[in-house]
Structures are given as C-alpha cells and as structure tokens.
>>> print(open('query-v1.cif').read())   # mmCIF, C-alpha atoms
data_data
#
loop_
_atom_site.label_atom_id
_atom_site.label_comp_id
_atom_site.auth_asym_id
_atom_site.auth_seq_id
_atom_site.Cartn_x
_atom_site.Cartn_y
_atom_site.Cartn_z
CA MET A 1 17.63 -41.30 -29.85
CA ARG A 2 17.54 -38.02 -31.74
CA GLY A 3 13.75 -38.06 -31.72
CA THR A 4 13.76 -38.56 -27.95
CA LEU A 5 16.07 -35.56 -27.48
CA ILE A 6 13.80 -33.41 -29.63
CA VAL A 7 10.76 -34.39 -27.55
CA VAL A 8 12.61 -33.64 -24.30
CA ARG A 9 13.81 -30.30 -25.69
CA ASP A 10 10.30 -29.32 -26.81
CA ARG A 11 8.87 -30.21 -23.41
CA ALA A 12 11.55 -28.16 -21.69
CA LEU A 13 10.88 -25.16 -23.93
CA THR A 14 7.14 -25.46 -23.36
CA GLN A 15 7.65 -25.60 -19.60
CA LEU A 16 10.00 -22.59 -19.69
CA GLN A 17 7.53 -20.55 -21.72
CA HIS A 18 4.76 -21.49 -19.32
CA GLU A 19 6.84 -20.39 -16.34
CA ARG A 20 7.69 -17.06 -17.97
CA ALA A 21 4.13 -16.34 -19.06
CA PRO A 22 2.07 -14.15 -16.73
CA LEU A 23 -0.30 -16.02 -14.49
CA ALA A 24 -3.86 -16.06 -15.75
CA PRO A 25 -6.24 -14.11 -13.51
CA ARG A 26 -8.33 -16.23 -11.21
CA PRO A 27 -11.55 -15.27 -9.43
CA ILE A 28 -11.85 -15.03 -5.67
CA PRO A 29 -13.08 -18.53 -4.68
CA LEU A 30 -16.81 -18.41 -4.04
CA GLN A 31 -17.12 -21.13 -1.41
CA GLN A 32 -14.09 -20.25 0.71
CA ARG A 33 -14.37 -18.69 4.13
CA LEU A 34 -13.63 -15.00 4.44
CA TRP A 35 -10.23 -15.40 6.08
CA ARG A 36 -9.12 -17.79 3.35
CA GLN A 37 -10.28 -15.38 0.66
CA VAL A 38 -8.34 -12.55 2.33
CA ALA A 39 -5.24 -14.74 2.72
CA GLY A 40 -5.44 -15.67 -0.97
CA GLU A 41 -5.86 -12.01 -1.95
CA VAL A 42 -2.82 -10.97 0.09
CA ARG A 43 -0.78 -13.80 -1.41
CA TRP A 44 -1.88 -12.82 -4.92
CA SER A 45 -1.00 -9.18 -4.21
CA PHE A 46 2.64 -10.10 -3.64
CA THR A 47 2.80 -12.54 -6.56
CA PRO A 48 4.98 -11.15 -9.39
CA PRO A 49 4.48 -8.85 -11.18
CA ALA A 50 2.48 -7.52 -8.18
CA LEU A 51 1.00 -4.69 -10.23
CA TRP A 52 -1.73 -4.09 -7.63
CA LEU A 53 0.80 -2.82 -5.08
CA GLU A 54 3.08 -0.79 -7.30
CA GLY A 55 1.45 2.48 -6.29
CA ILE A 56 1.57 1.68 -2.57
CA ALA A 57 5.26 0.85 -2.77
CA PHE A 58 5.85 4.08 -4.69
CA ASN A 59 3.97 6.11 -2.07
CA VAL A 60 5.98 4.55 0.77
CA VAL A 61 9.12 5.96 -0.84
CA LEU A 62 7.42 9.23 -1.78
CA SER A 63 6.16 9.80 1.76
CA GLY A 64 9.70 9.56 3.10
CA LEU A 65 11.08 11.90 0.44
CA TYR A 66 8.31 14.43 1.05
CA LEU A 67 9.30 14.64 4.71
CA LEU A 68 12.72 15.91 3.61
CA ILE A 69 11.04 18.78 1.76
CA SER A 70 8.29 19.57 4.26
CA PRO A 71 9.03 18.15 7.75
CA LEU A 72 6.11 17.70 10.10
CA THR A 73 5.82 20.01 13.07
CA LEU A 74 5.76 17.46 15.87
CA HIS A 75 3.97 18.60 18.98
CA LYS A 76 4.82 17.24 22.40
CA HIS A 77 1.41 15.64 22.75
CA GLY A 78 0.24 13.40 19.95
CA TRP A 79 3.37 13.31 17.81
CA VAL A 80 3.01 9.54 17.43
CA VAL A 81 -0.50 10.04 16.05
CA ILE A 82 0.69 12.72 13.65
CA ILE A 83 3.37 10.43 12.23
CA GLY A 84 0.99 7.46 12.03
CA VAL A 85 -1.73 9.49 10.33
CA TYR A 86 0.78 10.99 7.92
CA PHE A 87 2.14 7.67 6.69
CA ALA A 88 -1.26 5.92 6.70
CA THR A 89 -2.94 8.59 4.59
CA PHE A 90 0.02 9.13 2.27
CA VAL A 91 0.51 5.43 1.55
CA LEU A 92 -3.21 4.85 0.96
CA ALA A 93 -3.41 7.92 -1.32
CA ASP A 94 -3.12 5.73 -4.38
CA VAL A 95 -5.31 4.28 -7.10
CA THR A 96 -4.90 0.90 -5.42
CA THR A 97 -7.33 2.28 -2.81
CA THR A 98 -9.57 4.49 -4.95
CA ASN A 99 -9.65 2.17 -7.97
CA VAL A 100 -9.81 -1.31 -6.45
CA LEU A 101 -12.33 -2.43 -9.06
CA GLY A 102 -10.47 -0.98 -12.04
CA VAL A 103 -6.89 -1.90 -11.22
CA ASP A 104 -8.01 -5.52 -10.85
CA THR A 105 -10.58 -5.58 -13.65
CA ALA A 106 -10.12 -9.15 -14.86
CA ARG A 107 -10.36 -10.80 -11.45
CA VAL A 108 -13.29 -8.63 -10.39
CA ARG A 109 -15.28 -9.61 -13.46
CA LEU A 110 -14.39 -13.28 -13.07
CA SER A 111 -15.44 -13.18 -9.40
CA LEU A 112 -18.76 -11.55 -10.29
CA GLY A 113 -19.26 -14.16 -12.99
CA GLU A 114 -18.75 -16.92 -10.42
CA GLY A 115 -21.54 -15.43 -8.32
CA LEU A 116 -19.52 -13.57 -5.68
CA PRO A 117 -21.47 -10.46 -4.61
CA MET A 118 -19.89 -7.04 -4.96
CA TRP A 119 -20.01 -6.31 -1.23
CA ARG A 120 -17.93 -9.43 -0.61
CA ILE A 121 -15.36 -8.42 -3.23
CA LEU A 122 -14.98 -4.98 -1.63
CA LEU A 123 -14.76 -6.52 1.83
CA VAL A 124 -12.02 -8.95 0.77
CA LYS A 125 -10.00 -6.21 -0.89
CA ASN A 126 -10.43 -3.82 2.03
CA LEU A 127 -9.33 -6.43 4.54
CA SER A 128 -6.35 -7.24 2.31
CA LEU A 129 -5.33 -3.58 2.32
CA LEU A 130 -5.74 -3.55 6.10
CA VAL A 131 -3.40 -6.53 6.39
CA ILE A 132 -0.84 -5.02 4.01
CA VAL A 133 -0.95 -1.37 5.10
CA GLY A 134 -3.22 -0.92 8.11
CA VAL A 135 -1.93 -3.59 10.47
CA PRO A 136 1.77 -2.67 10.05
CA THR A 137 0.95 1.01 10.58
CA LEU A 138 -1.15 0.36 13.68
CA ALA A 139 1.45 -2.07 15.04
CA ALA A 140 4.20 0.52 14.56
CA THR A 141 2.01 3.11 16.30
CA ALA A 142 1.48 0.80 19.26
CA ILE A 143 5.17 -0.09 19.52
CA ILE A 144 6.33 3.54 19.40
CA THR A 145 3.67 4.54 21.92
CA ALA A 146 4.68 1.77 24.30
CA ALA A 147 8.36 2.74 24.01
CA THR A 148 7.83 6.46 24.62
CA THR A 149 5.09 6.67 27.27
CA LYS A 150 4.79 5.63 30.89
CA HIS A 151 1.22 4.35 30.84
CA SER A 152 1.72 2.41 27.63
CA LEU A 153 -1.50 0.37 27.53
CA HIS A 154 -3.67 3.41 28.20
CA SER A 155 -1.78 5.47 25.62
CA ILE A 156 -2.02 2.70 23.01
CA ALA A 157 -5.79 2.59 23.52
CA ILE A 158 -5.85 6.27 22.54
CA THR A 159 -3.28 6.50 19.73
CA VAL A 160 -4.31 3.38 17.79
CA PRO A 161 -7.95 4.50 17.23
CA ASP A 162 -6.69 7.95 16.23
CA VAL A 163 -4.57 6.38 13.48
CA ALA A 164 -7.27 3.85 12.57
CA LEU A 165 -9.68 6.70 11.77
CA PRO A 166 -8.01 7.86 8.52
CA ILE A 167 -7.28 4.27 7.47
CA LEU A 168 -10.93 3.22 7.72
CA ALA A 169 -12.12 6.49 6.19
CA TRP A 170 -9.75 6.04 3.24
CA LEU A 171 -11.12 2.56 2.55
CA GLY A 172 -14.73 3.80 2.65
CA VAL A 173 -14.05 6.74 0.36
CA GLY A 174 -11.98 4.48 -1.88
CA ASN A 175 -14.87 2.04 -2.30
CA LEU A 176 -17.20 4.86 -3.30
CA VAL A 177 -14.74 6.40 -5.76
CA SER A 178 -14.05 2.94 -7.20
CA ALA A 179 -17.73 2.48 -7.96
CA LEU A 180 -18.03 5.92 -9.56
CA LEU A 181 -14.74 5.90 -11.46
CA ALA A 182 -13.39 2.44 -12.23
CA VAL A 183 -10.53 2.91 -14.70
CA GLN A 184 -8.90 -0.04 -16.43
CA PRO A 185 -5.09 0.04 -16.48
CA ARG A 186 -3.45 0.55 -19.86
CA SER A 187 0.15 0.96 -20.91
CA LEU A 188 1.57 4.48 -21.10
CA MET A 189 2.17 3.98 -24.82
CA ARG A 190 -1.49 3.22 -25.37
CA ARG A 191 -2.50 6.16 -23.19
CA TRP A 192 -0.35 8.43 -25.33
CA GLN A 193 -1.86 7.07 -28.52
CA GLU A 194 -5.35 7.67 -27.11
CA ARG A 195 -4.53 11.05 -25.53
CA ARG A 196 -7.08 12.93 -27.65
CA GLN A 197 -9.89 10.56 -26.74
CA TRP A 198 -11.16 12.54 -23.78
CA ARG A 199 -13.74 9.93 -22.79
CA THR A 200 -10.87 7.73 -21.64
CA THR A 201 -8.08 10.25 -21.06
CA LEU A 202 -9.99 12.58 -18.71
CA PRO A 203 -11.13 9.79 -16.32
CA TRP A 204 -7.57 8.42 -16.29
CA ILE A 205 -6.05 11.80 -15.37
CA THR A 206 -8.77 12.34 -12.77
CA HIS A 207 -8.27 8.98 -11.09
CA LEU A 208 -4.49 9.53 -10.94
CA GLY A 209 -4.76 12.92 -9.24
CA LEU A 210 -7.83 12.31 -7.09
CA PRO A 211 -6.11 10.31 -4.31
CA TYR A 212 -3.57 13.09 -3.75
CA ALA A 213 -6.32 15.72 -3.76
CA LEU A 214 -8.16 13.74 -1.10
CA TYR A 215 -4.92 13.40 0.85
CA TYR A 216 -4.46 17.15 0.94
CA PHE A 217 -8.07 17.49 2.08
CA VAL A 218 -7.82 15.20 5.10
CA ALA A 219 -4.14 14.81 5.96
CA PRO A 220 -1.96 16.71 8.43
CA ILE A 221 -0.09 19.54 6.72
CA ASP A 222 2.94 20.65 8.76
CA GLY A 223 1.52 18.72 11.67
CA GLN A 224 -1.89 20.40 11.60
CA GLN A 225 -4.65 17.87 11.17
CA ARG A 226 -7.82 18.84 9.35
CA GLY A 227 -10.96 19.37 11.37
CA ILE A 228 -12.84 17.01 9.06
CA LEU A 229 -13.40 13.39 10.16
CA GLY A 230 -13.60 14.34 13.80
CA TYR A 231 -9.98 15.02 14.67
CA HIS A 232 -11.03 18.07 16.67
CA LEU A 233 -14.25 16.49 17.81
CA GLY A 234 -14.86 16.65 21.53
CA ARG A 235 -11.67 18.32 22.73
CA SER A 236 -13.24 18.70 26.17
CA MET A 237 -14.06 14.99 26.34
CA PRO A 238 -11.88 12.44 28.11
CA ALA A 239 -9.20 10.98 25.84
CA ASP A 240 -10.63 7.46 26.09
CA PHE A 241 -14.08 8.56 24.99
CA ARG A 242 -12.66 10.70 22.20
CA ALA A 243 -10.69 7.68 20.92
CA LEU A 244 -13.92 5.67 20.75
CA ILE A 245 -15.55 8.49 18.82
CA HIS A 246 -12.68 8.55 16.35
CA LEU A 247 -12.93 4.79 15.85
CA GLY A 248 -16.70 5.06 15.42
CA VAL A 249 -16.36 7.85 12.87
CA GLY A 250 -13.85 5.78 10.88
CA LEU A 251 -16.12 2.71 10.88
CA ALA A 252 -19.12 4.87 9.94
CA VAL A 253 -17.33 6.45 6.97
CA TRP A 254 -16.19 3.02 5.78
CA ALA A 255 -19.67 1.50 6.15
CA ILE A 256 -21.46 4.40 4.46
CA GLY A 257 -18.97 4.52 1.59
CA THR A 258 -19.24 0.77 1.05
CA VAL A 259 -23.05 0.66 1.20
CA VAL A 260 -23.40 3.56 -1.23
CA ALA A 261 -20.84 1.96 -3.57
CA VAL A 262 -22.70 -1.37 -3.60
CA TRP A 263 -26.05 0.39 -4.12
CA PHE A 264 -24.65 2.46 -6.97
CA MET A 265 -23.26 -0.59 -8.76
CA ARG A 266 -26.53 -2.46 -8.36
CA TRP A 267 -28.28 0.52 -9.94
CA ARG A 268 -25.80 1.22 -12.77
CA GLY A 269 -23.70 -1.92 -12.91
CA LEU A 270 -19.93 -2.15 -13.05
CA ARG A 271 -18.58 0.10 -15.80
CA ILE A 272 -14.86 0.01 -16.49
CA LEU A 273 -13.60 3.13 -18.29
#
>>> encode(input="query-v1.cif", output="structure tokens")
Amino acid sequence: MRGTLIVVRDRALTQLQHERAPLAPRPIPLQQRLWRQVAGEVRWSFTPPALWLEGIAFNVVLSGLYLLISPLTLHKHGWVVIIGVYFATFVLADVTTTNVLGVDTARVRLSLGEGLPMWRILLVKNLSLLVIVGVPTLAATAIITAATTKHSLHSIAITVPDVALPILAWLGVGNLVSALLAVQPRSLMRRWQERRQWRTTLPWITHLGLPYALYYFVAPIDGQQRGILGYHLGRSMPADFRALIHLGVGLAVWAIGTVVAVWFMRWRGLRIL
C-alpha cells in the first residue's frame, strides 16, 4: 500500500513539474495551409508566458500615457485617421516588429530546419501581427468613422487605407531590419554582465531604440503627419484615388522590404546576435 502511494505521489509530482515547465518551442508546421499556420502562430503568441507580445502590450499602455503629455492636435477633417495612425505606429514601434526573427529565435531555427522557407516564416508572422494589431486598429477606425460621418461607407473606404498605410509599411521595414539586425533575447542580468562586450551590447541597444526612432520619423507629431510614405501625395486628387495610392504605397513598402530581407538572408544567412 505504501509503495502504491509513493508511485502515485511521484507521478503527481512529475505531472506538476511538467505543467510548470515552459513549453518547448515548436516549429511552424511545414505541411499546414497558410491560414492554419497563422492561426497557430496567433494562438502561440497568447500562450503564457507570451514573451513575443510583451513589447506590444507595453506600447499600448505607453501610447495612452504619451497622449497625456503631448495631446494630438485633432483637425476637423481626418481626425479619425490621425488617431488610427498614431496608435498603429506607436504600438508597432517595438522589437516584436523589427526583430521578428530574433525575438523568436528557437522557433525560427526549428522551422528553417524543417524546410519552411524564410519568406513563408515572415509572411506567417506578418499576418499574425495583422490579426493581433492591424485588424483591431482598422476595425476601430471603421467603427468610429461610421459613427461620426454621414456617408459612412464612402468615408470608411478612405480612412481605412490611410491607416493601413503605416501598418503595412511598418511590417515591411520590420522584416528588413529583422534580417539586418536579429538580436537574441537575453536576461537583463546577463546583459549587465556582458555590458562591456560591445559586439553584443551595441546591437542590443540599437535594436531597442531603433523602433522608436523610426516612429518619430514617420508618425504624426502633434497631429502633423510626415510627408514620407505618401501622406501628402496627391492632395489635388480625389479622396478615393488618394486612398488607393496610400494602400498601394503601403503594400509596395511591405513587398520591397520583405523581398530585400529574404534576398539578404539567402546571401548572408540568418545570423542571430
């Protein structure tokens, strides 16, 4: 009887230790369809400890706090776009976007080892970020537009592409930066111990500050959007046509950034710093 209790106790302890242990990284399934791969990536993103989304969650809070310090100057025309662009760019200004290959080093390497091409890995991760960040932002933009304008469908067709532009551009730039500067996450204690090793410390500091530098470069400051990325492109054009241009510019930046990133990694290979 005592022996049976010991066996049961040992099994219970083993099961408890297994449940408390962090889940082993798994590659993106090679044979699955794209939508299943994206669904699995989104599900994994929210699986504790959800380290991949820590920065995005932090930036959601930070974006709200920053508005208390520096409120946006909301113009009568396009204030919905200004708010949408502000939150989209601020939330995506994180290493989750510009370091998608470094933050998730283990799973990226396992996926490559299983034969999944790099372009597919970037596509899955970009679509996952769109589901997590892009779709809610665009949906909120559409809802606010519909609630505050008379010709809601026509206005939505204009505001949504305007907000989609920085989202798509961020993903394209993020893919390129990820290929150039993939930094493996380490604990702060280890970073402090290695602080004088500039070959690892300098890339780490750079990749932490780079997203915010890019945000300042493209984002609206006090409600004034930058001329880059086509925000002021074609002011004399009809609003519908200008919205299509904005959407096209966003898709072009994403495609170019992704193609260059894949080419660069084929030439140099994936190097995690």
>>> residues_around(input="query-v1.cif", residues="Leu244 in chain A", least_positions_apart="4", cutoff="8 Å", atoms="all atoms listed in the file", output="ChimeraX atom specification")
/A:161,240,248
>>> resolve_selection(input="query-v1.cif", expression="the PyMOL selection byres ((chain A and resi 97) around 8)", output="count of residues only")
12
>>> residues_around(input="query-v1.cif", residues="Ser111 in chain A", least_positions_apart="6", cutoff="12 Å", atoms="all atoms listed in the file", output="JSON, numbers by chain")
{"A": [25, 26, 27, 28, 29, 30, 31, 37, 101, 104, 105, 117, 118, 119, 120, 121, 122, 124]}
>>> closest_residue(input="query-v1.cif", among="A:Ala146, A:Ile272, A:Leu210, A:Val253", to="Ala106 in chain A", atoms="all atoms listed in the file")
A:Ile272
>>> closest_residue(input="query-v1.cif", among="A:Glu194, A:Leu180, A:Leu53, A:Tyr86", to="Tyr66 in chain A", atoms="all atoms listed in the file")
A:Tyr86
>>> resolve_selection(input="query-v1.cif", expression="the PyMOL selection byres ((chain A and resi 212) around 10)", output="PyMOL selection string")
chain A and resi 89-90+92-95+207-211+213-217+219
>>> atom_distance(input="query-v1.cif", atom1="CA of Gly250 in chain A", atom2="CA of Ser63 in chain A")
22.4 Å
>>> residues_around(input="query-v1.cif", residues="Val173 in chain A", least_positions_apart="3", cutoff="7 Å", atoms="all atoms listed in the file", output="list in words")
Ala169, Trp170, Leu176, Val177, Trp254 and Gly257 of chain A
>>> closest_residue(input="query-v1.cif", among="A:Val163, A:Ile56, A:Ala50, A:Leu112", to="Trp79 in chain A", atoms="all atoms listed in the file")
A:Val163
>>> closest_residue(input="query-v1.cif", among="A:Ala179, A:Ile132, A:Ile245, A:Ala239", to="Trp263 in chain A", atoms="all atoms listed in the file")
A:Ala179
>>> resolve_selection(input="query-v1.cif", expression="the PyMOL selection byres ((chain A and resi 160) around 12)", output="VMD selection string")
chain A and resid 78 80 to 85 88 134 to 146 152 to 159 161 to 167 240 242 to 244 246 to 247
>>> decode(input="query-v1.cif", residues="range 132-165 of chain A", atoms="N, CA and C atoms", output="PDB file, in the first residue's frame")
ATOM      1  N   ILE A 132      -3.393  40.492 -34.804  1.00  0.00           N
ATOM      2  CA  ILE A 132      -3.330  40.941 -33.412  1.00  0.00           C
ATOM      3  C   ILE A 132      -3.431  42.449 -33.287  1.00  0.00           C
ATOM      4  N   VAL A 133      -2.772  43.183 -34.170  1.00  0.00           N
ATOM      5  CA  VAL A 133      -2.704  44.642 -34.069  1.00  0.00           C
ATOM      6  C   VAL A 133      -3.471  45.328 -35.194  1.00  0.00           C
ATOM      7  N   GLY A 134      -3.219  44.891 -36.437  1.00  0.00           N
ATOM      8  CA  GLY A 134      -3.776  45.597 -37.583  1.00  0.00           C
ATOM      9  C   GLY A 134      -5.286  45.530 -37.677  1.00  0.00           C
ATOM     10  N   VAL A 135      -5.837  44.337 -37.592  1.00  0.00           N
ATOM     11  CA  VAL A 135      -7.295  44.189 -37.737  1.00  0.00           C
ATOM     12  C   VAL A 135      -8.058  44.952 -36.658  1.00  0.00           C
ATOM     13  N   PRO A 136      -7.690  44.849 -35.369  1.00  0.00           N
ATOM     14  CA  PRO A 136      -8.408  45.647 -34.364  1.00  0.00           C
ATOM     15  C   PRO A 136      -8.312  47.148 -34.619  1.00  0.00           C
ATOM     16  N   THR A 137      -7.139  47.617 -35.061  1.00  0.00           N
ATOM     17  CA  THR A 137      -6.986  49.048 -35.336  1.00  0.00           C
ATOM     18  C   THR A 137      -7.847  49.480 -36.514  1.00  0.00           C
ATOM     19  N   LEU A 138      -7.837  48.710 -37.579  1.00  0.00           N
ATOM     20  CA  LEU A 138      -8.643  49.052 -38.751  1.00  0.00           C
ATOM     21  C   LEU A 138     -10.131  48.938 -38.443  1.00  0.00           C
ATOM     22  N   ALA A 139     -10.509  47.936 -37.643  1.00  0.00           N
ATOM     23  CA  ALA A 139     -11.917  47.792 -37.264  1.00  0.00           C
ATOM     24  C   ALA A 139     -12.372  48.979 -36.429  1.00  0.00           C
ATOM     25  N   ALA A 140     -11.527  49.413 -35.490  1.00  0.00           N
ATOM     26  CA  ALA A 140     -11.872  50.583 -34.673  1.00  0.00           C
ATOM     27  C   ALA A 140     -11.979  51.831 -35.531  1.00  0.00           C
ATOM     28  N   THR A 141     -11.088  51.960 -36.513  1.00  0.00           N
ATOM     29  CA  THR A 141     -11.152  53.101 -37.437  1.00  0.00           C
ATOM     30  C   THR A 141     -12.461  53.108 -38.206  1.00  0.00           C
ATOM     31  N   ALA A 142     -12.868  51.943 -38.700  1.00  0.00           N
ATOM     32  CA  ALA A 142     -14.116  51.851 -39.459  1.00  0.00           C
ATOM     33  C   ALA A 142     -15.324  52.157 -38.582  1.00  0.00           C
ATOM     34  N   ILE A 143     -15.317  51.649 -37.360  1.00  0.00           N
ATOM     35  CA  ILE A 143     -16.456  51.869 -36.456  1.00  0.00           C
ATOM     36  C   ILE A 143     -16.590  53.345 -36.100  1.00  0.00           C
ATOM     37  N   ILE A 144     -15.474  53.983 -35.749  1.00  0.00           N
ATOM     38  CA  ILE A 144     -15.511  55.405 -35.396  1.00  0.00           C
ATOM     39  C   ILE A 144     -15.924  56.243 -36.591  1.00  0.00           C
ATOM     40  N   THR A 145     -15.425  55.890 -37.772  1.00  0.00           N
ATOM     41  CA  THR A 145     -15.793  56.625 -38.984  1.00  0.00           C
ATOM     42  C   THR A 145     -17.283  56.506 -39.259  1.00  0.00           C
ATOM     43  N   ALA A 146     -17.807  55.290 -39.140  1.00  0.00           N
ATOM     44  CA  ALA A 146     -19.235  55.077 -39.390  1.00  0.00           C
ATOM     45  C   ALA A 146     -20.100  55.826 -38.384  1.00  0.00           C
ATOM     46  N   ALA A 147     -19.620  55.963 -37.152  1.00  0.00           N
ATOM     47  CA  ALA A 147     -20.411  56.614 -36.108  1.00  0.00           C
ATOM     48  C   ALA A 147     -20.345  58.133 -36.172  1.00  0.00           C
ATOM     49  N   THR A 148     -19.378  58.680 -36.895  1.00  0.00           N
ATOM     50  CA  THR A 148     -19.181  60.136 -36.868  1.00  0.00           C
ATOM     51  C   THR A 148     -19.349  60.813 -38.220  1.00  0.00           C
ATOM     52  N   THR A 149     -19.676  60.058 -39.261  1.00  0.00           N
ATOM     53  CA  THR A 149     -19.841  60.660 -40.592  1.00  0.00           C
ATOM     54  C   THR A 149     -21.188  60.270 -41.178  1.00  0.00           C
ATOM     55  N   LYS A 150     -21.645  61.097 -42.097  1.00  0.00           N
ATOM     56  CA  LYS A 150     -22.931  60.844 -42.752  1.00  0.00           C
ATOM     57  C   LYS A 150     -22.790  59.741 -43.799  1.00  0.00           C
ATOM     58  N   HIS A 151     -21.867  59.932 -44.711  1.00  0.00           N
ATOM     59  CA  HIS A 151     -21.657  58.926 -45.766  1.00  0.00           C
ATOM     60  C   HIS A 151     -20.618  57.918 -45.258  1.00  0.00           C
ATOM     61  N   SER A 152     -21.068  57.030 -44.397  1.00  0.00           N
ATOM     62  CA  SER A 152     -20.145  56.176 -43.655  1.00  0.00           C
ATOM     63  C   SER A 152     -19.346  55.240 -44.557  1.00  0.00           C
ATOM     64  N   LEU A 153     -20.006  54.562 -45.510  1.00  0.00           N
ATOM     65  CA  LEU A 153     -19.294  53.605 -46.352  1.00  0.00           C
ATOM     66  C   LEU A 153     -18.225  54.287 -47.187  1.00  0.00           C
ATOM     67  N   HIS A 154     -18.549  55.439 -47.733  1.00  0.00           N
ATOM     68  CA  HIS A 154     -17.574  56.187 -48.537  1.00  0.00           C
ATOM     69  C   HIS A 154     -16.416  56.667 -47.664  1.00  0.00           C
ATOM     70  N   SER A 155     -16.728  57.127 -46.469  1.00  0.00           N
ATOM     71  CA  SER A 155     -15.676  57.612 -45.564  1.00  0.00           C
ATOM     72  C   SER A 155     -14.789  56.474 -45.096  1.00  0.00           C
ATOM     73  N   ILE A 156     -15.384  55.304 -44.822  1.00  0.00           N
ATOM     74  CA  ILE A 156     -14.599  54.144 -44.405  1.00  0.00           C
ATOM     75  C   ILE A 156     -13.625  53.739 -45.501  1.00  0.00           C
ATOM     76  N   ALA A 157     -14.068  53.809 -46.754  1.00  0.00           N
ATOM     77  CA  ALA A 157     -13.210  53.449 -47.876  1.00  0.00           C
ATOM     78  C   ALA A 157     -12.019  54.392 -48.005  1.00  0.00           C
ATOM     79  N   ILE A 158     -12.075  55.537 -47.361  1.00  0.00           N
ATOM     80  CA  ILE A 158     -10.975  56.496 -47.396  1.00  0.00           C
ATOM     81  C   ILE A 158     -10.094  56.386 -46.151  1.00  0.00           C
ATOM     82  N   THR A 159     -10.719  56.283 -44.975  1.00  0.00           N
ATOM     83  CA  THR A 159      -9.944  56.288 -43.734  1.00  0.00           C
ATOM     84  C   THR A 159      -9.186  54.980 -43.508  1.00  0.00           C
ATOM     85  N   VAL A 160      -9.798  53.858 -43.841  1.00  0.00           N
ATOM     86  CA  VAL A 160      -9.142  52.568 -43.592  1.00  0.00           C
ATOM     87  C   VAL A 160      -7.836  52.430 -44.383  1.00  0.00           C
ATOM     88  N   PRO A 161      -7.788  52.728 -45.689  1.00  0.00           N
ATOM     89  CA  PRO A 161      -6.498  52.668 -46.392  1.00  0.00           C
ATOM     90  C   PRO A 161      -5.471  53.640 -45.831  1.00  0.00           C
ATOM     91  N   ASP A 162      -5.923  54.813 -45.356  1.00  0.00           N
ATOM     92  CA  ASP A 162      -4.980  55.769 -44.773  1.00  0.00           C
ATOM     93  C   ASP A 162      -4.298  55.194 -43.537  1.00  0.00           C
ATOM     94  N   VAL A 163      -5.046  54.447 -42.732  1.00  0.00           N
ATOM     95  CA  VAL A 163      -4.473  53.839 -41.527  1.00  0.00           C
ATOM     96  C   VAL A 163      -3.707  52.561 -41.886  1.00  0.00           C
ATOM     97  N   ALA A 164      -4.134  51.880 -42.944  1.00  0.00           N
ATOM     98  CA  ALA A 164      -3.436  50.657 -43.357  1.00  0.00           C
ATOM     99  C   ALA A 164      -2.035  50.955 -43.883  1.00  0.00           C
ATOM    100  N   LEU A 165      -1.843  52.158 -44.418  1.00  0.00           N
ATOM    101  CA  LEU A 165      -0.530  52.521 -44.973  1.00  0.00           C
ATOM    102  C   LEU A 165       0.591  52.370 -43.954  1.00  0.00           C
TER     103      LEU A 165
END
